[in-house]
file work-v4.cif (mmCIF, C-alpha atoms)
data_query
#
loop_
_atom_site.label_atom_id
_atom_site.label_comp_id
_atom_site.auth_asym_id
_atom_site.auth_seq_id
_atom_site.Cartn_x
_atom_site.Cartn_y
_atom_site.Cartn_z
CA MET A 1 231.81 -63.10 1.28
CA ALA A 2 230.76 -59.47 1.26
CA SER A 3 227.30 -60.42 2.54
CA ARG A 4 228.82 -62.31 5.47
CA ILE A 5 230.95 -59.30 6.41
CA LEU A 6 227.86 -57.09 6.26
CA ILE A 7 225.93 -59.42 8.57
CA VAL A 8 228.80 -59.47 11.08
CA PHE A 9 229.02 -55.65 10.90
CA LEU A 10 225.30 -55.29 11.58
CA LEU A 11 225.38 -57.78 14.43
CA VAL A 12 228.33 -56.15 16.14
CA PHE A 13 227.89 -52.46 15.43
CA GLY A 14 224.13 -52.43 14.96
CA ILE A 15 223.37 -54.04 18.32
CA ASN A 16 226.02 -52.02 20.15
CA GLY A 17 224.58 -48.91 18.62
CA TYR A 18 221.47 -49.43 20.76
CA ALA A 19 223.37 -50.44 23.90
CA GLN A 20 223.35 -48.17 26.95
CA ILE A 21 226.25 -47.52 29.28
CA ASN A 22 225.71 -48.86 32.79
CA HIS A 23 226.47 -45.78 34.88
CA PRO A 24 225.92 -44.73 38.51
CA LYS A 25 222.50 -43.21 39.09
CA ALA A 26 222.14 -39.68 40.42
CA SER A 27 219.32 -40.97 42.64
CA PRO A 28 220.39 -44.47 43.71
CA LEU A 29 217.88 -47.21 44.43
CA ALA A 30 217.20 -48.17 48.05
CA ILE A 31 214.98 -50.61 49.91
CA ALA A 32 213.66 -49.92 53.40
CA GLU A 33 212.31 -52.97 55.23
CA GLN A 34 210.87 -53.27 58.69
CA GLU A 35 209.38 -56.13 60.67
CA VAL A 36 206.39 -55.14 62.80
CA GLY A 37 205.42 -58.00 65.06
CA LEU A 38 204.93 -60.92 62.65
CA SER A 39 204.43 -58.62 59.64
CA LYS A 40 206.78 -56.79 57.31
CA ILE A 41 206.71 -53.51 55.40
CA SER A 42 209.03 -53.07 52.41
CA VAL A 43 209.54 -49.85 50.43
CA LYS A 44 211.49 -49.67 47.16
CA TYR A 45 212.44 -46.11 46.22
CA SER A 46 215.17 -43.87 44.80
CA ARG A 47 217.10 -41.30 46.82
CA PRO A 48 217.62 -37.92 45.15
CA ALA A 49 219.99 -35.39 46.76
CA THR A 50 219.33 -31.74 47.57
CA LYS A 51 222.59 -30.51 45.95
CA GLY A 52 221.99 -27.07 47.46
CA ARG A 53 218.54 -26.73 45.90
CA GLU A 54 215.31 -25.64 47.54
CA ILE A 55 213.30 -28.83 47.75
CA PHE A 56 209.67 -28.47 48.81
CA GLY A 57 208.05 -25.55 47.08
CA GLY A 58 211.01 -25.55 44.66
CA LEU A 59 212.32 -28.75 43.09
CA VAL A 60 209.15 -30.47 44.36
CA PRO A 61 206.36 -27.95 43.64
CA TYR A 62 203.52 -27.51 46.10
CA GLY A 63 200.15 -28.86 45.05
CA ARG A 64 201.52 -31.21 42.40
CA ILE A 65 201.84 -34.99 42.55
CA TRP A 66 205.27 -36.25 43.65
CA ARG A 67 206.56 -39.80 43.23
CA VAL A 68 208.06 -39.77 46.76
CA GLY A 69 211.60 -40.10 45.51
CA ALA A 70 212.94 -40.18 41.96
CA ASN A 71 212.97 -42.38 38.85
CA GLU A 72 210.30 -45.08 39.10
CA SER A 73 207.32 -44.60 41.35
CA THR A 74 207.96 -45.61 44.93
CA LYS A 75 206.44 -49.02 45.76
CA ILE A 76 205.33 -50.09 49.21
CA THR A 77 204.53 -53.72 50.04
CA VAL A 78 202.82 -55.03 53.18
CA ASP A 79 202.63 -58.78 53.74
CA THR A 80 199.55 -58.61 56.00
CA ASP A 81 196.59 -56.28 56.31
CA MET A 82 197.46 -53.06 58.16
CA THR A 83 195.77 -49.84 59.18
CA VAL A 84 197.03 -46.37 58.22
CA MET A 85 195.34 -43.52 60.05
CA GLY A 86 192.01 -45.32 60.20
CA ASN A 87 192.22 -46.72 56.65
CA THR A 88 192.61 -50.41 55.86
CA LEU A 89 195.72 -51.20 53.81
CA PRO A 90 195.20 -54.75 52.52
CA LYS A 91 198.13 -57.10 51.97
CA GLY A 92 199.78 -56.23 48.65
CA THR A 93 201.92 -53.73 46.75
CA TYR A 94 200.98 -50.10 46.08
CA ALA A 95 202.49 -47.02 44.48
CA LEU A 96 203.18 -44.33 47.04
CA TYR A 97 202.57 -40.72 45.97
CA ALA A 98 202.34 -37.39 47.76
CA PHE A 99 200.81 -33.97 47.19
CA PRO A 100 203.02 -31.68 49.32
CA GLU A 101 201.85 -28.30 50.55
CA ALA A 102 203.53 -25.87 52.94
CA SER A 103 201.23 -26.72 55.86
CA ALA A 104 199.82 -30.15 54.96
CA TRP A 105 200.57 -33.13 52.73
CA GLN A 106 198.31 -35.72 51.19
CA ILE A 107 199.90 -39.17 51.10
CA VAL A 108 198.41 -41.47 48.45
CA PHE A 109 198.32 -45.27 48.44
CA HIS A 110 197.62 -46.00 44.78
CA LYS A 111 196.48 -49.32 43.32
CA ASN A 112 198.00 -48.89 39.85
CA ILE A 113 201.69 -49.77 40.11
CA SER A 114 202.41 -49.75 36.37
CA HIS A 115 203.05 -46.00 35.95
CA TRP A 116 206.58 -44.65 35.56
CA GLY A 117 207.35 -41.91 38.04
CA ASP A 118 204.28 -39.91 39.00
CA GLY A 119 202.26 -41.26 36.07
CA ARG A 120 201.91 -37.84 34.46
CA ARG A 121 198.60 -37.65 32.61
CA ASN A 122 197.98 -41.36 33.12
CA TYR A 123 197.58 -40.94 36.88
CA ASP A 124 193.91 -41.44 37.78
CA PRO A 125 192.73 -40.46 41.29
CA LYS A 126 189.96 -43.05 40.92
CA GLU A 127 192.68 -45.70 41.27
CA ASP A 128 193.73 -44.39 44.68
CA LEU A 129 193.11 -46.89 47.46
CA PHE A 130 192.97 -43.98 49.91
CA ARG A 131 194.66 -40.73 50.89
CA VAL A 132 195.72 -39.51 54.32
CA ASN A 133 196.52 -35.99 55.46
CA VAL A 134 199.72 -35.40 57.42
CA LYS A 135 201.48 -32.26 58.64
CA PRO A 136 205.11 -31.67 57.68
CA GLN A 137 207.57 -31.05 60.48
CA ASN A 138 210.89 -29.23 60.55
CA VAL A 139 213.94 -31.27 61.53
CA HIS A 140 217.09 -29.75 63.01
CA HIS A 141 219.55 -31.68 60.88
CA HIS A 142 219.96 -31.47 57.11
CA GLN A 143 219.00 -34.68 55.29
CA GLU A 144 220.97 -34.54 52.03
CA ASN A 145 219.48 -37.61 50.32
CA PHE A 146 215.78 -38.31 50.55
CA LEU A 147 215.24 -40.95 53.21
CA ILE A 148 212.43 -43.36 54.05
CA ALA A 149 212.93 -45.00 57.44
CA PHE A 150 210.90 -46.65 60.22
CA ASP A 151 210.90 -45.70 63.88
CA SER A 152 208.84 -46.00 67.08
CA ILE A 153 208.53 -49.74 66.44
CA THR A 154 206.40 -51.97 68.66
CA HIS A 155 204.83 -55.39 68.16
CA ASN A 156 201.75 -53.64 66.80
CA SER A 157 202.84 -50.40 65.16
CA THR A 158 205.54 -48.32 63.52
CA ASN A 159 205.98 -44.88 61.99
CA MET A 160 207.20 -44.48 58.42
CA ASN A 161 209.24 -41.28 58.26
CA LEU A 162 209.82 -39.43 54.99
CA THR A 163 212.71 -36.98 55.43
CA TRP A 164 214.44 -34.66 52.98
CA ALA A 165 216.34 -31.41 53.47
CA LYS A 166 214.81 -30.10 56.73
CA THR A 167 211.30 -31.49 56.25
CA GLN A 168 209.81 -34.69 57.64
CA VAL A 169 206.38 -36.27 57.50
CA ILE A 170 205.38 -39.19 59.71
CA ILE A 171 202.87 -41.85 58.65
CA PRO A 172 201.75 -44.31 61.37
CA PHE A 173 201.05 -47.97 60.58
CA ILE A 174 199.12 -50.33 62.86
CA VAL A 175 198.95 -54.13 62.60
CA ASP A 176 196.88 -56.55 64.69
CA THR A 177 199.77 -58.73 65.81
CA HIS A 178 197.81 -60.15 68.72
CA ALA A 179 195.24 -61.72 66.39
CA GLN A 180 198.10 -63.25 64.39
CA MET A 181 199.75 -64.50 67.56
CA GLU A 182 196.57 -66.17 68.80
CA ILE A 183 196.40 -68.09 65.52
CA GLU A 184 200.09 -68.98 65.79
CA ILE A 185 199.78 -70.08 69.42
CA ALA A 186 196.79 -72.30 68.70
CA LYS A 187 198.54 -73.82 65.67
CA GLN A 188 201.80 -74.57 67.46
CA ILE A 189 200.17 -75.96 70.59
CA THR A 190 198.10 -78.29 68.39
CA GLU A 191 200.92 -79.32 66.06
CA ASN A 192 204.04 -78.97 68.24
CA PRO A 193 203.06 -79.22 71.91
CA LYS A 194 206.53 -79.11 73.48
CA ALA A 195 207.73 -77.41 76.65
CA GLN A 196 209.30 -74.55 74.70
CA THR A 197 206.07 -74.06 72.76
CA TYR A 198 204.07 -73.53 75.95
CA TYR A 199 206.79 -71.34 77.42
CA GLU A 200 206.99 -69.04 74.40
CA ALA A 201 203.21 -68.69 74.31
CA ALA A 202 203.18 -67.86 78.02
CA ARG A 203 206.02 -65.38 77.71
CA TYR A 204 204.27 -63.58 74.86
CA LEU A 205 201.10 -63.17 76.93
CA GLN A 206 203.14 -62.01 79.92
CA GLU A 207 205.10 -59.46 77.88
CA GLN A 208 201.93 -58.10 76.31
CA GLU A 209 200.18 -58.02 79.71
CA LYS A 210 197.34 -60.22 78.48
CA ASP A 211 195.46 -63.19 79.97
CA TYR A 212 197.75 -63.96 82.90
CA GLU A 213 195.61 -66.95 83.92
CA ARG A 214 196.20 -68.65 80.57
CA SER A 215 199.87 -67.69 80.69
CA LEU A 216 200.17 -69.46 84.05
CA GLU A 217 198.49 -72.57 82.63
CA TYR A 218 201.00 -72.64 79.79
CA LEU A 219 203.94 -72.20 82.18
CA ASN A 220 202.77 -75.07 84.36
CA LYS A 221 202.52 -77.22 81.23
CA ALA A 222 206.02 -76.14 80.17
CA LEU A 223 207.41 -77.17 83.56
CA GLU A 224 205.53 -80.45 83.40
CA LEU A 225 206.99 -81.29 79.99
CA GLY A 226 210.41 -79.67 80.25
CA GLY A 227 211.34 -79.77 83.91
CA ASP A 228 212.87 -76.96 85.96
CA THR A 229 214.63 -74.16 84.12
CA TYR A 230 215.57 -70.75 85.48
CA TYR A 231 213.69 -68.94 82.70
CA PHE A 232 210.47 -71.02 83.08
CA HIS A 233 210.38 -70.21 86.79
CA ARG A 234 211.43 -66.60 86.15
CA VAL A 235 208.46 -65.86 83.89
CA LYS A 236 206.15 -67.88 86.15
CA SER A 237 207.11 -65.64 89.07
CA LEU A 238 206.28 -62.52 87.07
CA VAL A 239 202.89 -63.88 86.07
CA GLU A 240 202.06 -64.95 89.64
CA ALA A 241 202.97 -61.47 90.89
CA LYS A 242 200.64 -59.90 88.32
CA LEU A 243 197.88 -62.19 89.57
CA GLY A 244 198.55 -60.94 93.12
CA ASP A 245 199.89 -64.30 94.37
CA TYR A 246 203.12 -62.94 95.83
CA LYS A 247 203.89 -66.00 97.96
CA SER A 248 203.91 -68.21 94.87
CA ALA A 249 205.82 -65.55 92.96
CA ILE A 250 208.55 -65.51 95.61
CA ALA A 251 208.75 -69.30 95.61
CA SER A 252 209.09 -69.40 91.82
CA ALA A 253 211.69 -66.62 91.85
CA GLU A 254 213.72 -68.49 94.49
CA LYS A 255 213.72 -71.62 92.27
CA SER A 256 214.79 -69.53 89.29
CA LEU A 257 217.52 -67.85 91.36
CA LYS A 258 218.92 -71.17 92.60
CA ILE A 259 219.15 -72.69 89.10
CA ALA A 260 220.51 -69.47 87.60
CA ASP A 261 223.20 -69.28 90.30
CA GLU A 262 224.27 -72.87 89.62
CA LEU A 263 224.60 -72.07 85.91
CA GLY A 264 226.43 -68.79 86.43
CA LYS A 265 223.58 -66.66 85.05
CA ASP A 266 224.43 -63.62 87.15
CA GLU A 267 221.90 -61.31 85.49
CA PHE A 268 219.01 -63.61 86.36
CA VAL A 269 220.31 -63.98 89.89
CA ARG A 270 220.22 -60.20 90.33
CA MET A 271 216.78 -59.82 88.72
CA ASN A 272 215.29 -62.51 90.92
CA GLN A 273 216.89 -61.08 94.06
CA LYS A 274 215.42 -57.67 93.28
CA ASN A 275 211.92 -59.06 92.71
CA ILE A 276 212.00 -61.28 95.79
CA SER A 277 212.92 -58.28 97.93
CA ALA A 278 210.18 -56.14 96.40
CA TRP A 279 207.48 -58.80 96.75
CA LYS A 280 208.41 -59.50 100.38
CA GLN A 281 207.91 -55.81 101.08
CA VAL A 282 204.45 -56.02 99.52
CA LEU A 283 203.53 -58.93 101.77
CA LYS A 284 204.61 -56.97 104.86
CA LYS A 285 202.13 -54.17 104.16
#
call {"tool": "encode", "arguments": {"input": "work-v4.cif", "output": "structure tokens"}}
result
Amino acid sequence: MASRILIVFLLVFGINGYAQINHPKASPLAIAEQEVGLSKISVKYSRPATKGREIFGGLVPYGRIWRVGANESTKITVDTDMTVMGNTLPKGTYALYAFPEASAWQIVFHKNISHWGDGRRNYDPKEDLFRVNVKPQNVHHHQENFLIAFDSITHNSTNMNLTWAKTQVIIPFIVDTHAQMEIEIAKQITENPKAQTYYEAARYLQEQEKDYERSLEYLNKALELGGDTYYFHRVKSLVEAKLGDYKSAIASAEKSLKIADELGKDEFVRMNQKNISAWKQVLKK
């Protein structure tokens, strides 16, 4: 009987003796994600606060490796190959480190993601994928918690901004979305050749100001398969105008306007009216 009580005591109090309290973290975990064209960047990091402290050159010493946050090392994942300031960043996950200085920072994309924090003595520069040099900037507002965010987003690029206290560094990313889109267009036209498929391919080319002749071919195919729609004719008019065929552009815009008016699409009516007027003025010159 005594042995049973001892076993129960060890199971209950022994295990609980090693348990940890689940408490709020001083530097809470965050994930920053951003789509760039057909690609995505994801950053998992912790967000320490200034709490009235001097940050860079103080809490974060100059010239020493920093984990770009707190707790675990910051991890960045890209789901396609990208370019960072002339360096190829292959698809995958990397530890993100920094060596801050007053006038310049080195940002490190590191292949070893197993280190806790900055890796301490286990950090090996030979395991860096590459480093880039960036200049810190002063910001007017005070950023209390360290923040990683994305801005200046296009189909082909974005800036990753690291901001804390009154300091910000900006790291530009570039992705070849057009190459991905050409593969996607070819795949969908082969496997799913519907009116909407041709229209979306044409609209992409028109928006990116690329290969207007092919865009027009796709739009004609979309109209052949899907019939008249105000948005097919709307994009067709824009492409024809870019090709310098203003008579055809006006005709297409008038078709788009008529259908849009019947459907109560006031915005498209106004846009078509504006373009028709502008293109008629071009023809008069």
call {"tool": "residues_around", "arguments": {"input": "work-v4.cif", "residues": "stretch 41-47 of chain A", "least_positions_apart": "5", "cutoff": "7 Å", "atoms": "only C-alpha atoms", "output": "VMD selection string"}}
result
chain A and resid 27 to 35 69 to 71 74 to 79 145 to 147
call {"tool": "write_last_selection", "arguments": {"input": "work-v4.cif", "atoms": "C-alpha atoms", "output": "PDB file, in the coordinates of the input"}}
result
ATOM      1  CA  SER A  27     219.320 -40.970  42.640  1.00  0.00           C
ATOM      2  CA  PRO A  28     220.390 -44.470  43.710  1.00  0.00           C
ATOM      3  CA  LEU A  29     217.880 -47.210  44.430  1.00  0.00           C
ATOM      4  CA  ALA A  30     217.200 -48.170  48.050  1.00  0.00           C
ATOM      5  CA  ILE A  31     214.980 -50.610  49.910  1.00  0.00           C
ATOM      6  CA  ALA A  32     213.660 -49.920  53.400  1.00  0.00           C
ATOM      7  CA  GLU A  33     212.310 -52.970  55.230  1.00  0.00           C
ATOM      8  CA  GLN A  34     210.870 -53.270  58.690  1.00  0.00           C
ATOM      9  CA  GLU A  35     209.380 -56.130  60.670  1.00  0.00           C
ATOM     10  CA  GLY A  69     211.600 -40.100  45.510  1.00  0.00           C
ATOM     11  CA  ALA A  70     212.940 -40.180  41.960  1.00  0.00           C
ATOM     12  CA  ASN A  71     212.970 -42.380  38.850  1.00  0.00           C
ATOM     13  CA  THR A  74     207.960 -45.610  44.930  1.00  0.00           C
ATOM     14  CA  LYS A  75     206.440 -49.020  45.760  1.00  0.00           C
ATOM     15  CA  ILE A  76     205.330 -50.090  49.210  1.00  0.00           C
ATOM     16  CA  THR A  77     204.530 -53.720  50.040  1.00  0.00           C
ATOM     17  CA  VAL A  78     202.820 -55.030  53.180  1.00  0.00           C
ATOM     18  CA  ASP A  79     202.630 -58.780  53.740  1.00  0.00           C
ATOM     19  CA  ASN A 145     219.480 -37.610  50.320  1.00  0.00           C
ATOM     20  CA  PHE A 146     215.780 -38.310  50.550  1.00  0.00           C
ATOM     21  CA  LEU A 147     215.240 -40.950  53.210  1.00  0.00           C
TER      22      LEU A 147
END
call {"tool": "atom_distance", "arguments": {"input": "work-v4.cif", "atom1": "atom CA of A:His23", "atom2": "atom CA of A:Ser73"}}
result
20.2 Å
call {"tool": "atom_distance", "arguments": {"input": "work-v4.cif", "atom1": "atom CA of A:Ala278", "atom2": "atom CA of A:Ser256"}}
result
15.8 Å
call {"tool": "residues_around", "arguments": {"input": "work-v4.cif", "residues": "A:Thr158", "least_positions_apart": "2", "cutoff": "6 Å", "atoms": "only C-alpha atoms", "output": "list in words"}}
result
Asp151, Ser152, Ile153, Pro172 and Phe173 of chain A
call {"tool": "closest_residue", "arguments": {"input": "work-v4.cif", "among": "A:Lys247, A:Val36, A:Phe130, A:His233", "to": "A:Lys284", "atoms": "all atoms listed in the file"}}
result
A:Lys247
call {"tool": "residues_around", "arguments": {"input": "work-v4.cif", "residues": "A:Thr229", "least_positions_apart": "3", "cutoff": "9 Å", "atoms": "all atoms listed in the file", "output": "ChimeraX atom specification"}}
result
/A:223,226,232-234,255-256,259-260
call {"tool": "atom_distance", "arguments": {"input": "work-v4.cif", "atom1": "atom CA of A:Ile148", "atom2": "atom CA of A:Thr163"}}
result
6.5 Å
call {"tool": "closest_residue", "arguments": {"input": "work-v4.cif", "among": "A:Lys40, A:Arg203, A:Lys194, A:Arg121", "to": "A:Val175", "atoms": "only C-alpha atoms"}}
result
A:Lys40
call {"tool": "closest_residue", "arguments": {"input": "work-v4.cif", "among": "A:Ala202, A:Val84, A:Ala98, A:Met181", "to": "A:Asn159", "atoms": "all atoms listed in the file"}}
result
A:Val84
call {"tool": "closest_residue", "arguments": {"input": "work-v4.cif", "among": "A:Ser215, A:Asn138, A:Thr177, A:Gln208", "to": "A:Leu162", "atoms": "all atoms listed in the file"}}
result
A:Asn138
call {"tool": "residues_near_point", "arguments": {"input": "work-v4.cif", "point": "(197.1, -61.4, 64.3)", "cutoff": "12 Å", "atoms": "only C-alpha atoms", "output": "list of chain:residue names"}}
result
A:Val36, A:Gly37, A:Leu38, A:Ser39, A:Thr80, A:Asp81, A:Met82, A:His155, A:Asn156, A:Ile174, A:Val175, A:Asp176, A:Thr177, A:His178, A:Ala179, A:Gln180, A:Met181, A:Glu182, A:Ile183, A:Glu184, A:Ile185, A:Ala186
call {"tool": "build_atoms", "arguments": {"input": "work-v4.cif", "residues": "stretch 126-142 of chain A", "atoms": "N, CA, C and O atoms", "output": "PDB file, in the frame of the given file"}}
result
ATOM      1  N   LYS A 126     190.932 -41.999  40.657  1.00  0.00           N
ATOM      2  CA  LYS A 126     189.960 -43.050  40.920  1.00  0.00           C
ATOM      3  C   LYS A 126     190.640 -44.370  41.282  1.00  0.00           C
ATOM      4  O   LYS A 126     189.993 -45.261  41.848  1.00  0.00           O
ATOM      5  N   GLU A 127     191.927 -44.484  40.945  1.00  0.00           N
ATOM      6  CA  GLU A 127     192.680 -45.700  41.270  1.00  0.00           C
ATOM      7  C   GLU A 127     193.391 -45.599  42.614  1.00  0.00           C
ATOM      8  O   GLU A 127     194.110 -46.519  43.003  1.00  0.00           O
ATOM      9  N   ASP A 128     193.197 -44.489  43.321  1.00  0.00           N
ATOM     10  CA  ASP A 128     193.730 -44.390  44.680  1.00  0.00           C
ATOM     11  C   ASP A 128     193.008 -45.396  45.574  1.00  0.00           C
ATOM     12  O   ASP A 128     191.772 -45.535  45.492  1.00  0.00           O
ATOM     13  N   LEU A 129     193.758 -46.080  46.425  1.00  0.00           N
ATOM     14  CA  LEU A 129     193.110 -46.890  47.460  1.00  0.00           C
ATOM     15  C   LEU A 129     192.562 -45.958  48.528  1.00  0.00           C
ATOM     16  O   LEU A 129     191.406 -46.052  48.923  1.00  0.00           O
ATOM     17  N   PHE A 130     193.410 -45.038  49.000  1.00  0.00           N
ATOM     18  CA  PHE A 130     192.970 -43.980  49.910  1.00  0.00           C
ATOM     19  C   PHE A 130     194.071 -42.934  50.018  1.00  0.00           C
ATOM     20  O   PHE A 130     195.213 -43.154  49.583  1.00  0.00           O
ATOM     21  N   ARG A 131     193.709 -41.793  50.587  1.00  0.00           N
ATOM     22  CA  ARG A 131     194.660 -40.730  50.890  1.00  0.00           C
ATOM     23  C   ARG A 131     194.581 -40.390  52.377  1.00  0.00           C
ATOM     24  O   ARG A 131     193.513 -40.503  52.971  1.00  0.00           O
ATOM     25  N   VAL A 132     195.701 -39.980  52.927  1.00  0.00           N
ATOM     26  CA  VAL A 132     195.720 -39.510  54.320  1.00  0.00           C
ATOM     27  C   VAL A 132     196.391 -38.151  54.356  1.00  0.00           C
ATOM     28  O   VAL A 132     197.269 -37.849  53.537  1.00  0.00           O
ATOM     29  N   ASN A 133     195.963 -37.330  55.293  1.00  0.00           N
ATOM     30  CA  ASN A 133     196.520 -35.990  55.460  1.00  0.00           C
ATOM     31  C   ASN A 133     197.508 -35.987  56.630  1.00  0.00           C
ATOM     32  O   ASN A 133     197.185 -36.467  57.730  1.00  0.00           O
ATOM     33  N   VAL A 134     198.700 -35.486  56.385  1.00  0.00           N
ATOM     34  CA  VAL A 134     199.720 -35.400  57.420  1.00  0.00           C
ATOM     35  C   VAL A 134     200.338 -34.005  57.400  1.00  0.00           C
ATOM     36  O   VAL A 134     200.353 -33.334  56.361  1.00  0.00           O
ATOM     37  N   LYS A 135     200.844 -33.581  58.552  1.00  0.00           N
ATOM     38  CA  LYS A 135     201.480 -32.260  58.640  1.00  0.00           C
ATOM     39  C   LYS A 135     202.989 -32.413  58.571  1.00  0.00           C
ATOM     40  O   LYS A 135     203.577 -33.221  59.299  1.00  0.00           O
ATOM     41  N   PRO A 136     203.644 -31.633  57.723  1.00  0.00           N
ATOM     42  CA  PRO A 136     205.110 -31.670  57.680  1.00  0.00           C
ATOM     43  C   PRO A 136     205.712 -31.050  58.929  1.00  0.00           C
ATOM     44  O   PRO A 136     205.138 -30.131  59.516  1.00  0.00           O
ATOM     45  N   GLN A 137     206.857 -31.571  59.321  1.00  0.00           N
ATOM     46  CA  GLN A 137     207.570 -31.050  60.480  1.00  0.00           C
ATOM     47  C   GLN A 137     208.967 -30.613  60.056  1.00  0.00           C
ATOM     48  O   GLN A 137     209.553 -31.164  59.118  1.00  0.00           O
ATOM     49  N   ASN A 138     209.500 -29.644  60.772  1.00  0.00           N
ATOM     50  CA  ASN A 138     210.890 -29.230  60.550  1.00  0.00           C
ATOM     51  C   ASN A 138     211.811 -30.113  61.382  1.00  0.00           C
ATOM     52  O   ASN A 138     211.519 -30.412  62.542  1.00  0.00           O
ATOM     53  N   VAL A 139     212.926 -30.517  60.790  1.00  0.00           N
ATOM     54  CA  VAL A 139     213.940 -31.270  61.530  1.00  0.00           C
ATOM     55  C   VAL A 139     215.180 -30.386  61.665  1.00  0.00           C
ATOM     56  O   VAL A 139     215.441 -29.514  60.827  1.00  0.00           O
ATOM     57  N   HIS A 140     215.943 -30.612  62.725  1.00  0.00           N
ATOM     58  CA  HIS A 140     217.090 -29.750  63.010  1.00  0.00           C
ATOM     59  C   HIS A 140     218.274 -30.058  62.095  1.00  0.00           C
ATOM     60  O   HIS A 140     219.043 -29.159  61.739  1.00  0.00           O
ATOM     61  N   HIS A 141     218.418 -31.316  61.722  1.00  0.00           N
ATOM     62  CA  HIS A 141     219.550 -31.680  60.880  1.00  0.00           C
ATOM     63  C   HIS A 141     219.177 -31.544  59.400  1.00  0.00           C
ATOM     64  O   HIS A 141     218.000 -31.459  59.051  1.00  0.00           O
ATOM     65  N   HIS A 142     220.185 -31.516  58.561  1.00  0.00           N
ATOM     66  CA  HIS A 142     219.960 -31.470  57.110  1.00  0.00           C
ATOM     67  C   HIS A 142     220.066 -32.881  56.554  1.00  0.00           C
ATOM     68  O   HIS A 142     221.099 -33.536  56.712  1.00  0.00           O
TER      69      HIS A 142
END
